[in-house]
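Listing of protein20.cif; format and content: mmCIF, C-alpha atoms.
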data_input
#
loop_
_atom_site.label_atom_id
_atom_site.label_comp_id
_atom_site.auth_asym_id
_atom_site.auth_seq_id
_atom_site.Cartn_x
_atom_site.Cartn_y
_atom_site.Cartn_z
CA MET A 1 0.00 0.00 0.00
CA LEU A 2 1.22 3.44 -0.94
CA PHE A 3 0.90 5.05 2.48
CA ARG A 4 2.80 2.26 4.25
CA SER A 5 5.69 1.97 1.82
CA PRO A 6 9.04 2.61 3.51
CA VAL A 7 10.49 3.74 0.17
CA PRO A 8 9.33 6.34 -2.36
CA VAL A 9 6.59 5.18 -4.69
CA VAL A 10 6.55 6.35 -8.31
CA VAL A 11 3.26 6.22 -10.18
CA LEU A 12 3.11 6.18 -13.96
CA HIS A 13 -0.42 6.42 -15.28
CA ALA A 14 -1.29 4.34 -18.33
CA PRO A 15 -1.20 6.24 -21.62
CA GLY A 16 -4.52 7.87 -22.42
CA THR A 17 -5.77 7.86 -18.82
CA ARG A 18 -4.78 11.45 -18.08
CA GLU A 19 -5.79 14.67 -19.75
CA GLY A 20 -2.96 16.73 -21.17
CA SER A 21 0.64 15.86 -21.72
CA TYR A 22 3.92 16.48 -19.99
CA ASN A 23 7.50 17.23 -20.97
CA SER A 24 9.49 14.02 -20.55
CA GLY A 25 12.71 16.03 -20.87
CA GLY A 26 11.63 18.77 -18.49
CA PRO A 27 12.73 19.56 -14.97
CA ILE A 28 11.72 17.62 -11.90
CA LEU A 29 9.10 19.55 -9.95
CA VAL A 30 8.95 19.18 -6.17
CA GLY A 31 6.55 20.64 -3.63
CA ILE A 32 8.19 22.10 -0.52
CA ASP A 33 6.65 23.55 2.62
CA GLY A 34 9.45 23.62 5.19
CA THR A 35 8.53 20.32 6.86
CA GLU A 36 10.79 17.28 7.19
CA ALA A 37 8.49 15.46 4.78
CA SER A 38 9.13 18.04 2.08
CA THR A 39 12.88 17.89 2.78
CA ASP A 40 12.73 14.16 2.08
CA ALA A 41 10.83 14.85 -1.15
CA LEU A 42 13.39 17.50 -2.15
CA LYS A 43 16.30 15.12 -1.51
CA PHE A 44 14.60 12.45 -3.65
CA ALA A 45 14.08 14.99 -6.45
CA MET A 46 17.72 16.07 -6.24
CA VAL A 47 18.97 12.48 -6.44
CA MET A 48 16.74 11.85 -9.47
CA ALA A 49 17.96 15.06 -11.10
CA ALA A 50 21.60 14.15 -10.50
CA GLN A 51 21.04 10.74 -12.09
CA THR A 52 19.14 12.07 -15.10
CA ALA A 53 20.94 15.40 -15.68
CA ARG A 54 17.78 17.40 -15.04
CA GLU A 55 17.19 20.53 -13.05
CA VAL A 56 14.86 20.74 -10.07
CA VAL A 57 12.13 23.31 -9.60
CA ALA A 58 11.14 23.52 -5.94
CA VAL A 59 7.78 25.18 -5.44
CA HIS A 60 6.45 26.54 -2.16
CA ALA A 61 2.77 27.44 -2.50
CA TRP A 62 1.09 29.50 0.16
CA THR A 63 -2.23 31.16 0.84
CA LEU A 64 -3.31 34.24 2.70
CA PRO A 65 -4.85 33.78 6.15
CA PRO A 66 -8.30 32.13 6.06
CA VAL A 67 -11.16 34.54 5.42
CA GLU A 68 -12.69 33.50 8.74
CA LEU A 69 -9.66 34.92 10.54
CA VAL A 70 -8.79 37.91 8.38
CA PRO A 71 -11.21 39.12 5.72
CA PRO A 72 -9.20 39.86 2.53
CA ASN A 73 -10.36 43.47 2.41
CA LEU A 74 -8.70 44.05 5.80
CA LEU A 75 -5.25 43.14 4.49
CA THR A 76 -3.30 46.05 3.09
CA ALA A 77 -0.99 45.70 0.11
CA GLU A 78 1.93 46.18 2.52
CA GLN A 79 0.72 43.31 4.72
CA VAL A 80 0.41 41.02 1.69
CA THR A 81 3.95 42.01 0.68
CA VAL A 82 5.22 41.11 4.16
CA ILE A 83 3.45 37.74 4.02
CA ALA A 84 4.93 37.06 0.57
CA SER A 85 8.42 37.95 1.82
CA ASP A 86 8.00 35.63 4.81
CA GLN A 87 6.95 32.81 2.49
CA GLU A 88 9.95 33.42 0.21
CA ARG A 89 12.15 33.09 3.30
CA VAL A 90 10.42 29.79 4.19
CA ALA A 91 11.15 28.50 0.68
CA ALA A 92 14.79 29.60 0.78
CA GLU A 93 15.32 27.99 4.18
CA ALA A 94 13.62 24.79 3.01
CA VAL A 95 16.21 24.26 0.27
CA ALA A 96 19.31 25.72 1.93
CA GLY A 97 20.79 22.57 3.44
CA VAL A 98 19.83 20.29 0.58
CA ARG A 99 21.20 22.59 -2.12
CA SER A 100 24.75 22.26 -0.77
CA GLU A 101 24.52 18.44 -0.84
CA PHE A 102 23.97 18.47 -4.62
CA PRO A 103 26.20 21.17 -6.12
CA GLU A 104 25.95 19.58 -9.57
CA VAL A 105 22.14 20.01 -9.74
CA THR A 106 20.56 23.26 -10.84
CA LEU A 107 17.85 24.14 -8.32
CA ARG A 108 15.32 26.88 -8.93
CA VAL A 109 13.04 27.93 -6.09
CA ARG A 110 9.62 29.49 -6.52
CA SER A 111 7.29 30.89 -3.89
CA VAL A 112 3.79 31.18 -5.33
CA GLN A 113 0.56 32.35 -3.76
CA GLY A 114 -2.16 29.76 -4.30
CA ILE A 115 -3.54 26.41 -3.23
CA PRO A 116 -0.58 24.00 -3.22
CA ALA A 117 -2.12 21.23 -5.33
CA ASP A 118 -3.39 23.71 -7.93
CA VAL A 119 -0.06 25.53 -8.12
CA LEU A 120 1.84 22.26 -8.58
CA LEU A 121 -0.60 20.80 -11.10
CA ALA A 122 -0.38 23.96 -13.21
CA GLN A 123 3.35 23.30 -13.64
CA THR A 124 3.27 19.58 -14.41
CA ARG A 125 2.84 20.11 -18.16
CA ASP A 126 6.42 21.43 -18.31
CA SER A 127 7.84 18.82 -15.91
CA SER A 128 9.19 15.32 -16.39
CA MET A 129 8.13 14.27 -12.88
CA ILE A 130 6.52 15.72 -9.78
CA VAL A 131 7.68 14.78 -6.30
CA VAL A 132 5.55 15.32 -3.21
CA GLY A 133 5.70 14.26 0.41
CA SER A 134 3.01 11.99 1.77
CA ARG A 135 1.87 14.32 4.54
CA GLY A 136 2.40 17.96 5.21
CA ARG A 137 1.06 20.75 7.30
CA GLY A 138 -2.70 20.29 7.15
CA GLU A 139 -4.96 19.46 10.04
CA PHE A 140 -5.56 15.91 8.75
CA ARG A 141 -1.97 14.67 9.11
CA GLY A 142 -3.21 11.25 10.15
CA THR A 143 -4.96 10.57 6.87
CA ILE A 144 -3.62 8.13 4.31
CA LEU A 145 -2.16 10.87 2.13
CA GLY A 146 -2.14 14.59 2.60
CA SER A 147 -4.62 16.55 0.53
CA THR A 148 -1.92 17.92 -1.79
CA SER A 149 -0.27 14.58 -2.52
CA ASN A 150 -3.66 12.91 -2.94
CA THR A 151 -4.84 15.54 -5.44
CA VAL A 152 -1.55 15.47 -7.37
CA LEU A 153 -1.57 11.68 -7.45
CA HIS A 154 -5.01 11.60 -9.03
CA ARG A 155 -4.71 14.54 -11.42
CA ALA A 156 -1.11 14.96 -12.62
CA ALA A 157 -0.34 13.93 -16.19
CA CYS A 158 3.36 13.37 -15.52
CA PRO A 159 4.88 10.61 -13.38
CA ILE A 160 4.42 11.22 -9.65
CA ALA A 161 6.78 10.26 -6.85
CA VAL A 162 5.33 10.14 -3.35
CA VAL A 163 8.00 10.20 -0.68
CA ARG A 164 6.89 9.16 2.77
CA HIS A 165 8.68 10.73 5.71
CA ARG A 166 9.89 8.24 8.26
CA ASP A 167 8.97 9.35 11.77
#

How does the structure come out when it is put into structure tokens?
Amino acid sequence: MLFRSPVPVVVLHAPGTREGSYNSGGPILVGIDGTEASTDALKFAMVMAAQTAREVVAVHAWTLPPVELVPPNLLTAEQVTVIASDQERVAAEAVAGVRSEFPEVTLRVRSVQGIPADVLLAQTRDSSMIVVGSRGRGEFRGTILGSTSNTVLHRAACPIAVVRHRD
């Protein structure tokens, strides 16, 4: 079973079962969020990139505070800029240690405002593979897969690697 596998699981969907196409020669896309699970996913992506002479695009997707807590019209442009800067820092810190372990791999980091699964799926058309952790930051950490990895697994056109963090 996918959620109990002690090693990363790569899923290749049968031809014709997914809408759209992907770039088999493109970079390896990896979702990062600053957790240990995403560090494991990033390391897996870097190893794959080193073995296949690809670059890695690490994407940190983030959202503004929930509307229930802070209505959007109460956030000033300056506050949104501060939040965006904080999220860019999270992304930079998430890759800092791993980047030095793989000096031969080109690593681009993106911090994008949006729902993580949607942000990642929008970039799979240009990617040769997407790598996600099996659980992240959401309130349902005890579920089989996190919501992002579950959505990506079912909707991505490119091969998907799910890397489970060992507790």

12 Å contact set for region 117-130 of chain A, only C-alpha atoms, chain neighbours under 6 positions out, as a ChimeraX atom specification: /A:9-13,18-32,41-42,44-46,48-49,52-63,110-111,136,146-163

Atom-to-atom span, CA of Leu64 (chain A) and CA of Ala84 (chain A), Å: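 Between these atoms lies a distance of 9.0 Å.
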
Distance of CA of Val109 (chain A) from CA of Ala94 (chain A), expressed in Å to one decimal place: 9.6 Å

Interatomic distance (Å, one decimal) between CA of Gly133 (chain A) and CA of Thr39 (chain A):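 A separation of 8.4 Å between them.
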
Contacts of region 75-83 of chain A at 10 Å (all atoms listed in the file; same-chain gap of 4+ positions) as a VMD selection string: chain A and resid 62 to 65 70 to 71 87 to 89 113

How would the residues just picked look written out with C-alpha atoms as a PDB file, in the frame of the given file?
ATOM      1  CA  TRP A  62       1.090  29.500   0.160  1.00  0.00           C
ATOM      2  CA  THR A  63      -2.230  31.160   0.840  1.00  0.00           C
ATOM      3  CA  LEU A  64      -3.310  34.240   2.700  1.00  0.00           C
ATOM      4  CA  PRO A  65      -4.850  33.780   6.150  1.00  0.00           C
ATOM      5  CA  VAL A  70      -8.790  37.910   8.380  1.00  0.00           C
ATOM      6  CA  PRO A  71     -11.210  39.120   5.720  1.00  0.00           C
ATOM      7  CA  GLN A  87       6.950  32.810   2.490  1.00  0.00           C
ATOM      8  CA  GLU A  88       9.950  33.420   0.210  1.00  0.00           C
ATOM      9  CA  ARG A  89      12.150  33.090   3.300  1.00  0.00           C
ATOM     10  CA  GLN A 113       0.560  32.350  -3.760  1.00  0.00           C
TER      11      GLN A 113
END

Selected by the PyMOL selection byres ((chain A and resi 98) around 10) in the shown coordinates: which residues, as a short mmCIF file (atom, residue, chain, number, x, y, z; two decimals) with C-alpha atoms, in the frame of the given file?
data_model
loop_
_atom_site.label_atom_id
_atom_site.label_comp_id
_atom_site.auth_asym_id
_atom_site.auth_seq_id
_atom_site.Cartn_x
_atom_site.Cartn_y
_atom_site.Cartn_z
CA THR A 39 12.88 17.89 2.78
CA ASP A 40 12.73 14.16 2.08
CA LEU A 42 13.39 17.50 -2.15
CA LYS A 43 16.30 15.12 -1.51
CA MET A 46 17.72 16.07 -6.24
CA GLU A 93 15.32 27.99 4.18
CA ALA A 94 13.62 24.79 3.01
CA VAL A 95 16.21 24.26 0.27
CA ALA A 96 19.31 25.72 1.93
CA GLY A 97 20.79 22.57 3.44
CA ARG A 99 21.20 22.59 -2.12
CA SER A 100 24.75 22.26 -0.77
CA GLU A 101 24.52 18.44 -0.84
CA PHE A 102 23.97 18.47 -4.62
CA PRO A 103 26.20 21.17 -6.12
CA LEU A 107 17.85 24.14 -8.32
#
